$ cat start07.json   # JSON, C-alpha atoms
[["chain", "number", "residue", "atom", "x", "y", "z"],
["A", 1, "ASP", "CA", 38.61, 59.48, 216.44],
["A", 2, "PHE", "CA", 35.83, 61.63, 215.01],
["A", 3, "TYR", "CA", 35.97, 64.49, 212.57],
["A", 4, "ILE", "CA", 33.05, 66.69, 213.64],
["A", 5, "ARG", "CA", 31.68, 69.40, 211.33],
["A", 6, "GLU", "CA", 29.74, 71.98, 213.32],
["A", 7, "TYR", "CA", 27.05, 74.38, 212.17],
["A", 8, "ASP", "CA", 27.41, 78.09, 212.88],
["A", 9, "LEU", "CA", 26.91, 77.73, 216.62],
["A", 10, "THR", "CA", 25.95, 81.38, 217.06],
["A", 11, "SER", "CA", 22.59, 80.50, 215.49],
["A", 12, "ILE", "CA", 21.81, 77.89, 218.19],
["A", 13, "PRO", "CA", 21.02, 79.49, 221.56],
["A", 14, "GLY", "CA", 22.84, 77.89, 224.47],
["A", 15, "TYR", "CA", 25.27, 75.85, 222.33],
["A", 16, "TYR", "CA", 28.91, 76.94, 222.49],
["A", 17, "ALA", "CA", 31.25, 74.11, 221.44],
["A", 18, "VAL", "CA", 31.81, 70.38, 221.05],
["A", 19, "ARG", "CA", 35.09, 68.48, 221.18],
["A", 20, "SER", "CA", 36.17, 64.86, 221.04],
["A", 21, "GLU", "CA", 38.87, 63.12, 223.04],
["A", 22, "VAL", "CA", 41.02, 60.30, 221.72],
["A", 23, "LYS", "CA", 41.22, 57.11, 223.78],
["A", 24, "PRO", "CA", 43.43, 54.12, 222.95],
["A", 25, "GLY", "CA", 41.85, 50.96, 221.63],
["A", 26, "TYR", "CA", 42.91, 47.60, 220.27],
["A", 27, "THR", "CA", 42.49, 45.57, 217.10],
["A", 28, "ILE", "CA", 42.90, 41.85, 216.41],
["A", 29, "ARG", "CA", 43.10, 40.81, 212.77],
["A", 30, "ILE", "CA", 43.73, 37.76, 210.59],
["A", 31, "VAL", "CA", 46.08, 38.36, 207.65],
["A", 32, "SER", "CA", 45.35, 36.76, 204.26],
["A", 33, "ASP", "CA", 47.86, 37.62, 201.57],
["A", 34, "LEU", "CA", 47.67, 36.81, 197.83],
["A", 35, "ARG", "CA", 50.93, 37.60, 196.04],
["A", 36, "LEU", "CA", 50.13, 39.05, 192.60],
["A", 37, "THR", "CA", 53.76, 39.86, 191.68],
["A", 38, "ASP", "CA", 57.05, 40.00, 193.58],
["A", 39, "ASN", "CA", 56.24, 43.54, 194.71],
["A", 40, "LEU", "CA", 52.42, 43.58, 194.80],
["A", 41, "ALA", "CA", 50.00, 41.68, 197.03],
["A", 42, "LEU", "CA", 46.25, 41.74, 197.58],
["A", 43, "ARG", "CA", 45.43, 41.47, 201.27],
["A", 44, "PHE", "CA", 42.21, 40.62, 203.08],
["A", 45, "VAL", "CA", 42.62, 41.51, 206.76],
["A", 46, "PRO", "CA", 39.31, 41.03, 208.65],
["A", 47, "GLY", "CA", 39.27, 41.75, 212.35],
["A", 48, "PHE", "CA", 37.69, 43.02, 215.53],
["A", 49, "SER", "CA", 38.42, 46.44, 217.02],
["A", 50, "ALA", "CA", 37.27, 48.10, 220.23],
["A", 51, "THR", "CA", 37.58, 51.71, 221.33],
["A", 52, "VAL", "CA", 36.00, 54.42, 223.46],
["A", 53, "ARG", "CA", 35.55, 58.02, 222.36],
["A", 54, "ASN", "CA", 34.56, 60.84, 224.69],
["A", 55, "LEU", "CA", 32.52, 63.83, 223.55],
["A", 56, "TYR", "CA", 32.31, 67.08, 225.54],
["A", 57, "PHE", "CA", 29.51, 69.56, 224.79],
["A", 58, "ASP", "CA", 29.70, 73.14, 226.10],
["A", 59, "VAL", "CA", 25.97, 74.01, 226.37],
["A", 60, "ASN", "CA", 23.44, 75.63, 228.66],
["A", 61, "ASP", "CA", 21.82, 73.12, 231.01],
["A", 62, "ARG", "CA", 18.18, 72.71, 229.96],
["A", 63, "PHE", "CA", 16.91, 72.72, 233.57],
["A", 64, "SER", "CA", 19.02, 75.37, 235.32],
["A", 65, "GLY", "CA", 19.94, 77.46, 232.26],
["A", 66, "ARG", "CA", 23.59, 77.60, 233.41],
["A", 67, "ARG", "CA", 26.49, 76.93, 231.09],
["A", 68, "SER", "CA", 27.99, 73.50, 231.72],
["A", 69, "THR", "CA", 29.91, 70.70, 230.04],
["A", 70, "VAL", "CA", 27.87, 67.64, 229.11],
["A", 71, "PHE", "CA", 29.86, 64.42, 228.70],
["A", 72, "ARG", "CA", 28.93, 61.50, 226.46],
["A", 73, "GLU", "CA", 30.99, 58.31, 226.20],
["A", 74, "VAL", "CA", 30.69, 56.48, 222.88],
["A", 75, "GLU", "CA", 31.79, 52.84, 223.06],
["A", 76, "SER", "CA", 32.37, 50.99, 219.83],
["A", 77, "ALA", "CA", 33.01, 47.35, 218.97],
["A", 78, "PHE", "CA", 33.81, 47.08, 215.27],
["A", 79, "ILE", "CA", 33.86, 44.21, 212.83],
["A", 80, "GLU", "CA", 36.29, 45.45, 210.15],
["A", 81, "VAL", "CA", 36.55, 44.10, 206.62],
["A", 82, "PRO", "CA", 39.48, 45.76, 204.81],
["A", 83, "TRP", "CA", 40.79, 44.93, 201.33],
["A", 84, "GLU", "CA", 44.29, 46.32, 200.72],
["A", 85, "LEU", "CA", 46.92, 46.47, 198.04],
["A", 86, "LYS", "CA", 50.43, 46.15, 199.44],
["A", 87, "PHE", "CA", 53.18, 47.67, 197.26],
["A", 88, "ARG", "CA", 56.52, 46.29, 198.49],
["A", 89, "GLY", "CA", 60.00, 47.49, 197.70],
["A", 90, "ASP", "CA", 62.91, 45.12, 197.20],
["A", 91, "ARG", "CA", 64.30, 43.35, 200.23],
["A", 92, "MET", "CA", 67.43, 44.97, 201.70],
["A", 93, "ASP", "CA", 69.23, 42.81, 204.27],
["A", 94, "ASN", "CA", 66.44, 41.80, 206.67],
["A", 95, "HIS", "CA", 63.82, 44.43, 205.93],
["A", 96, "ARG", "CA", 61.43, 45.45, 203.17],
["A", 97, "TRP", "CA", 59.48, 48.75, 203.09],
["A", 98, "TYR", "CA", 55.94, 48.89, 201.72],
["A", 99, "LEU", "CA", 52.93, 51.13, 201.06],
["A", 100, "LEU", "CA", 49.31, 50.13, 201.70],
["A", 101, "ALA", "CA", 46.12, 51.42, 200.10],
["A", 102, "GLY", "CA", 42.64, 49.98, 200.26],
["A", 103, "LEU", "CA", 38.96, 50.08, 201.15],
["A", 104, "LYS", "CA", 37.42, 49.15, 204.49],
["A", 105, "TYR", "CA", 33.85, 48.36, 205.56],
["A", 106, "THR", "CA", 33.14, 48.71, 209.28],
["A", 107, "LEU", "CA", 30.14, 47.46, 211.28],
["A", 108, "ASP", "CA", 29.74, 48.89, 214.81],
["A", 109, "LEU", "CA", 28.19, 46.16, 216.97],
["A", 110, "ALA", "CA", 27.85, 48.53, 219.97],
["A", 111, "SER", "CA", 25.92, 51.24, 218.09],
["A", 112, "LYS", "CA", 22.95, 52.68, 219.97],
["A", 113, "MET", "CA", 21.27, 53.93, 216.78],
["A", 114, "ASP", "CA", 17.91, 52.27, 217.54],
["A", 115, "THR", "CA", 17.51, 53.43, 221.14],
["A", 116, "LYS", "CA", 15.01, 56.17, 222.03],
["A", 117, "GLU", "CA", 16.84, 57.29, 225.19],
["A", 118, "GLU", "CA", 18.43, 60.76, 225.10],
["A", 119, "GLU", "CA", 21.43, 59.96, 227.30],
["A", 120, "PHE", "CA", 23.02, 57.91, 224.52],
["A", 121, "PHE", "CA", 24.81, 59.60, 221.63],
["A", 122, "LYS", "CA", 23.57, 57.74, 218.57],
["A", 123, "LEU", "CA", 25.79, 56.83, 215.60],
["A", 124, "ASN", "CA", 25.10, 54.78, 212.48],
["A", 125, "ARG", "CA", 26.34, 51.19, 212.48],
["A", 126, "ASN", "CA", 27.85, 51.13, 208.99],
["A", 127, "ASP", "CA", 30.87, 52.96, 207.64],
["A", 128, "LEU", "CA", 32.81, 52.64, 204.41],
["A", 129, "GLY", "CA", 36.14, 54.32, 203.95],
["A", 130, "TYR", "CA", 39.66, 54.10, 202.64],
["A", 131, "GLU", "CA", 43.04, 53.55, 204.23],
["A", 132, "ILE", "CA", 46.57, 54.50, 203.27],
["A", 133, "GLY", "CA", 49.69, 53.54, 205.13],
["A", 134, "VAL", "CA", 53.38, 52.80, 205.25],
["A", 135, "GLY", "CA", 55.27, 50.04, 207.00],
["A", 136, "VAL", "CA", 58.28, 47.79, 207.02],
["A", 137, "ASP", "CA", 58.60, 44.00, 207.10],
["A", 138, "ILE", "CA", 61.46, 42.98, 209.39],
["A", 139, "TYR", "CA", 62.49, 39.36, 208.89],
["A", 140, "PHE", "CA", 63.64, 37.21, 211.80],
["A", 141, "GLU", "CA", 64.56, 33.54, 211.81],
["A", 142, "TYR", "CA", 61.07, 32.22, 212.73],
["A", 143, "PHE", "CA", 58.69, 35.13, 212.10],
["A", 144, "LYS", "CA", 58.17, 38.46, 210.36],
["A", 145, "PHE", "CA", 57.47, 41.64, 212.37],
["A", 146, "SER", "CA", 55.72, 44.52, 210.56],
["A", 147, "PRO", "CA", 55.18, 47.89, 212.25],
["A", 148, "GLN", "CA", 52.75, 50.09, 210.27],
["A", 149, "LEU", "CA", 51.41, 53.63, 210.33],
["A", 150, "ILE", "CA", 47.92, 53.74, 208.77],
["A", 151, "ALA", "CA", 45.50, 56.64, 208.21],
["A", 152, "THR", "CA", 41.78, 55.82, 207.94],
["A", 153, "PHE", "CA", 39.18, 58.11, 206.37],
["A", 154, "GLY", "CA", 35.52, 57.10, 206.74],
["A", 155, "GLN", "CA", 33.18, 58.41, 204.04],
["A", 156, "ALA", "CA", 29.79, 57.76, 205.64],
["A", 157, "ASP", "CA", 28.13, 60.36, 207.86],
["A", 158, "LEU", "CA", 27.79, 58.55, 211.20],
["A", 159, "LEU", "CA", 25.57, 61.15, 212.87],
["A", 160, "ILE", "CA", 21.93, 60.32, 213.56],
["A", 161, "GLN", "CA", 19.84, 63.49, 213.74],
["A", 162, "ASP", "CA", 17.57, 62.72, 216.70],
["A", 163, "GLY", "CA", 16.41, 66.27, 217.51],
["A", 164, "THR", "CA", 18.30, 66.57, 220.82],
["A", 165, "LEU", "CA", 20.22, 69.74, 221.72],
["A", 166, "LEU", "CA", 23.56, 67.92, 221.62],
["A", 167, "VAL", "CA", 23.04, 66.87, 218.01],
["A", 168, "ASP", "CA", 21.54, 70.18, 216.82],
["A", 169, "GLY", "CA", 24.93, 71.88, 216.54],
["A", 170, "ILE", "CA", 26.62, 69.10, 214.57],
["A", 171, "ARG", "CA", 26.38, 68.90, 210.79],
["A", 172, "SER", "CA", 28.16, 65.56, 210.34],
["A", 173, "ILE", "CA", 30.56, 63.08, 211.98],
["A", 174, "HIS", "CA", 33.11, 61.08, 210.02],
["A", 175, "THR", "CA", 35.74, 58.58, 211.11],
["A", 176, "ARG", "CA", 39.31, 59.90, 210.99],
["A", 177, "ALA", "CA", 42.08, 57.87, 212.61],
["A", 178, "VAL", "CA", 45.81, 57.40, 212.60],
["A", 179, "LEU", "CA", 46.72, 53.90, 213.72],
["A", 180, "ILE", "CA", 49.99, 52.33, 214.76],
["A", 181, "ASN", "CA", 49.82, 48.59, 214.06],
["A", 182, "PHE", "CA", 52.25, 45.82, 214.98],
["A", 183, "THR", "CA", 51.79, 42.65, 212.94],
["A", 184, "PHE", "CA", 53.49, 39.31, 213.64],
["A", 185, "GLU", "CA", 53.44, 36.71, 210.85]]

$ encode --input "start07.json" --output "structure tokens"
Amino acid sequence: DFYIREYDLTSIPGYYAVRSEVKPGYTIRIVSDLRLTDNLALRFVPGFSATVRNLYFDVNDRFSGRRSTVFREVESAFIEVPWELKFRGDRMDNHRWYLLAGLKYTLDLASKMDTKEEEFFKLNRNDLGYEIGVGVDIYFEYFKFSPQLIATFGQADLLIQDGTLLVDGIRSIHTRAVLINFTFE
């Protein structure tokens, strides 16, 4: 989802609020794991992720002057390149808890940043951020199942200031997400 920092909206006539709505998405990744010690591994987990985010703007309509809600759908198709450190505890019976921390570069293939049309909400293609998470490896006879809870914090400002009313009230947009991942190895 987005973390949206607004300006003081009282200084922008006809602009009242903006909110984002979370929609589910999916991610497919390939796991590469380099064991550094018994309890520490360096992981490279590139993948593809797709999601849709909805933005609702409470503004005055520029033609009628009436207050209305303007909807913008932001589709994203990401190529993700995360590097993680996985700190694992000792194995107890058939499970092993771990912590994750790392950096992630994201390229949005569906970004409309170069379009001149006003009906698209424009975001930058590139984002760099960090991830932290917790999970557990559960060992079965033929595979390992790993549910994870990961928080992602993008550091790049994704907003493109294009001079439209919808963008005028927004100072910056950053990626903020809590993900539930299920990994099968």

$ atom_distance --input "start07.json" --atom1 "CA of Ser146 in chain A" --atom2 "CA of Glu80 in chain A"
19.5 Å

$ residues_around --input "start07.json" --residues "Asn94 in chain A" --least-positions-apart "2" --cutoff "9 Å" --atoms "only C-alpha atoms" --output "PDB file with C-alpha atoms, keeping the file's coordinate frame"
ATOM      1  CA  ARG A  91      64.300  43.350 200.230  1.00  0.00           C
ATOM      2  CA  MET A  92      67.430  44.970 201.700  1.00  0.00           C
ATOM      3  CA  ARG A  96      61.430  45.450 203.170  1.00  0.00           C
ATOM      4  CA  ASP A 137      58.600  44.000 207.100  1.00  0.00           C
ATOM      5  CA  ILE A 138      61.460  42.980 209.390  1.00  0.00           C
ATOM      6  CA  TYR A 139      62.490  39.360 208.890  1.00  0.00           C
ATOM      7  CA  PHE A 140      63.640  37.210 211.800  1.00  0.00           C
TER       8      PHE A 140
END

$ residues_around --input "start07.json" --residues "Lys122 in chain A" --least-positions-apart "5" --cutoff "6 Å" --atoms "all atoms listed in the file" --output "list in words"
Lys112, Met113 and Ile160 of chain A

$ atom_distance --input "start07.json" --atom1 "CA of Trp83 in chain A" --atom2 "CA of Tyr142 in chain A"
26.5 Å

$ closest_residue --input "start07.json" --among "A:Glu131, A:Gln155, A:Phe71, A:Glu185" --to "Asp33 in chain A" --atoms "only C-alpha atoms"
A:Glu185

$ closest_residue --input "start07.json" --among "A:Tyr98, A:Tyr26, A:Ser76, A:Ser32" --to "Pro147 in chain A" --atoms "all atoms listed in the file"
A:Tyr98

$ atom_distance --input "start07.json" --atom1 "CA of Arg43 in chain A" --atom2 "CA of Lys104 in chain A"
11.6 Å

$ closest_atom_pairs --input "start07.json" --of "range 87-160 of chain A" --to "range 165-180 of chain A" --cutoff "7 Å" --atoms "only C-alpha atoms" --output "CSV"
residue,atom,partner,partner_atom,distance
A:Gln148,CA,A:Ile180,CA,5.7
A:Leu149,CA,A:Ile180,CA,4.8
A:Ile150,CA,A:Leu179,CA,5.1
A:Ala151,CA,A:Val178,CA,4.5
A:Thr152,CA,A:Ala177,CA,5.1
A:Phe153,CA,A:Arg176,CA,5.0
A:Gly154,CA,A:Thr175,CA,4.6
A:Gln155,CA,A:His174,CA,6.5
A:Ala156,CA,A:His174,CA,6.4
A:Asp157,CA,A:His174,CA,5.5
A:Leu158,CA,A:Ile173,CA,5.4
A:Leu159,CA,A:Ile173,CA,5.4

$ axis_aligned_box --input "start07.json" --around "range 173-183 of chain A" --padding-each-side "3 Å" --output "lines of an AutoDock Vina configuration file"
center_x = 41.4
center_y = 52.9
center_z = 212.5
size_x = 27.7
size_y = 26.4
size_z = 11.0

$ closest_residue --input "start07.json" --among "A:Glu73, A:Asn39, A:Arg53, A:Ser68" --to "Gly89 in chain A" --atoms "only C-alpha atoms"
A:Asn39

$ closest_atom_pairs --input "start07.json" --of "range 24-56 of chain A" --to "range 84-88 of chain A" --cutoff "9 Å" --atoms "all atoms listed in the file" --output "JSON lines"
{"residue": "A:Asp38", "atom": "CA", "partner": "A:Arg88", "partner_atom": "CA", "distance": 8.0}
{"residue": "A:Asn39", "atom": "CA", "partner": "A:Arg88", "partner_atom": "CA", "distance": 4.7}
{"residue": "A:Leu40", "atom": "CA", "partner": "A:Phe87", "partner_atom": "CA", "distance": 4.8}
{"residue": "A:Ala41", "atom": "CA", "partner": "A:Lys86", "partner_atom": "CA", "distance": 5.1}
{"residue": "A:Leu42", "atom": "CA", "partner": "A:Leu85", "partner_atom": "CA", "distance": 4.8}
{"residue": "A:Arg43", "atom": "CA", "partner": "A:Glu84", "partner_atom": "CA", "distance": 5.0}
{"residue": "A:Phe44", "atom": "CA", "partner": "A:Glu84", "partner_atom": "CA", "distance": 6.5}
{"residue": "A:Val45", "atom": "CA", "partner": "A:Glu84", "partner_atom": "CA", "distance": 7.9}

$ closest_residue --input "start07.json" --among "A:Gly129, A:Gly135, A:Pro24, A:Pro13" --to "Asn54 in chain A" --atoms "all atoms listed in the file"
A:Pro24

$ closest_residue --input "start07.json" --among "A:Phe182, A:Ala77, A:Phe120, A:Ile132" --to "Leu100 in chain A" --atoms "only C-alpha atoms"
A:Ile132

$ closest_residue --input "start07.json" --among "A:Glu119, A:Asp127, A:Glu141, A:Glu21" --to "Thr106 in chain A" --atoms "only C-alpha atoms"
A:Asp127

$ residues_around --input "start07.json" --residues "Leu55 in chain A" --least-positions-apart "6" --cutoff "10 Å" --atoms "all atoms listed in the file" --output "PDB file with C-alpha atoms, keeping the file's coordinate frame"
ATOM      1  CA  PHE A   2      35.830  61.630 215.010  1.00  0.00           C
ATOM      2  CA  VAL A  18      31.810  70.380 221.050  1.00  0.00           C
ATOM      3  CA  ARG A  19      35.090  68.480 221.180  1.00  0.00           C
ATOM      4  CA  SER A  20      36.170  64.860 221.040  1.00  0.00           C
ATOM      5  CA  GLU A  21      38.870  63.120 223.040  1.00  0.00           C
ATOM      6  CA  VAL A  22      41.020  60.300 221.720  1.00  0.00           C
ATOM      7  CA  THR A  69      29.910  70.700 230.040  1.00  0.00           C
ATOM      8  CA  VAL A  70      27.870  67.640 229.110  1.00  0.00           C
ATOM      9  CA  PHE A  71      29.860  64.420 228.700  1.00  0.00           C
ATOM     10  CA  ARG A  72      28.930  61.500 226.460  1.00  0.00           C
ATOM     11  CA  GLU A  73      30.990  58.310 226.200  1.00  0.00           C
ATOM     12  CA  VAL A  74      30.690  56.480 222.880  1.00  0.00           C
ATOM     13  CA  PHE A 121      24.810  59.600 221.630  1.00  0.00           C
TER      14      PHE A 121
END

$ decode --input "start07.json" --residues "range 150-161 of chain A" --atoms "N, CA, C and O atoms" --output "short mmCIF file (atom, residue, chain, number, x, y, z; two decimals), in the first residue's frame"
data_model
loop_
_atom_site.label_atom_id
_atom_site.label_comp_id
_atom_site.auth_asym_id
_atom_site.auth_seq_id
_atom_site.Cartn_x
_atom_site.Cartn_y
_atom_site.Cartn_z
N ILE A 150 6.29 -10.18 6.66
CA ILE A 150 7.34 -9.25 6.25
C ILE A 150 6.78 -7.84 6.13
O ILE A 150 5.70 -7.63 5.57
N ALA A 151 7.51 -6.86 6.65
CA ALA A 151 7.16 -5.44 6.51
C ALA A 151 8.16 -4.81 5.54
O ALA A 151 9.37 -5.01 5.66
N THR A 152 7.64 -4.06 4.58
CA THR A 152 8.45 -3.40 3.56
C THR A 152 8.30 -1.88 3.69
O THR A 152 7.19 -1.38 3.82
N PHE A 153 9.44 -1.19 3.63
CA PHE A 153 9.46 0.27 3.76
C PHE A 153 10.27 0.85 2.60
O PHE A 153 11.49 0.81 2.61
N GLY A 154 9.57 1.40 1.59
CA GLY A 154 10.24 2.03 0.46
C GLY A 154 10.78 3.39 0.86
O GLY A 154 10.13 4.14 1.58
N GLN A 155 11.96 3.74 0.38
CA GLN A 155 12.60 5.00 0.73
C GLN A 155 12.47 6.07 -0.35
O GLN A 155 12.59 7.25 -0.07
N ALA A 156 12.20 5.68 -1.58
CA ALA A 156 12.09 6.65 -2.67
C ALA A 156 10.71 7.30 -2.67
O ALA A 156 9.71 6.65 -2.35
N ASP A 157 10.66 8.58 -3.02
CA ASP A 157 9.39 9.27 -3.20
C ASP A 157 8.85 8.87 -4.58
O ASP A 157 9.47 9.18 -5.60
N LEU A 158 7.72 8.19 -4.63
CA LEU A 158 7.18 7.69 -5.88
C LEU A 158 6.34 8.71 -6.64
O LEU A 158 6.02 8.52 -7.80
N LEU A 159 5.98 9.80 -5.99
CA LEU A 159 5.08 10.78 -6.59
C LEU A 159 5.76 11.58 -7.70
O LEU A 159 6.87 12.07 -7.53
N ILE A 160 5.06 11.73 -8.80
CA ILE A 160 5.51 12.61 -9.89
C ILE A 160 4.61 13.85 -9.85
O ILE A 160 3.40 13.75 -10.04
N GLN A 161 5.22 14.99 -9.59
CA GLN A 161 4.49 16.26 -9.54
C GLN A 161 4.20 16.69 -10.98
O GLN A 161 5.07 17.18 -11.68
#
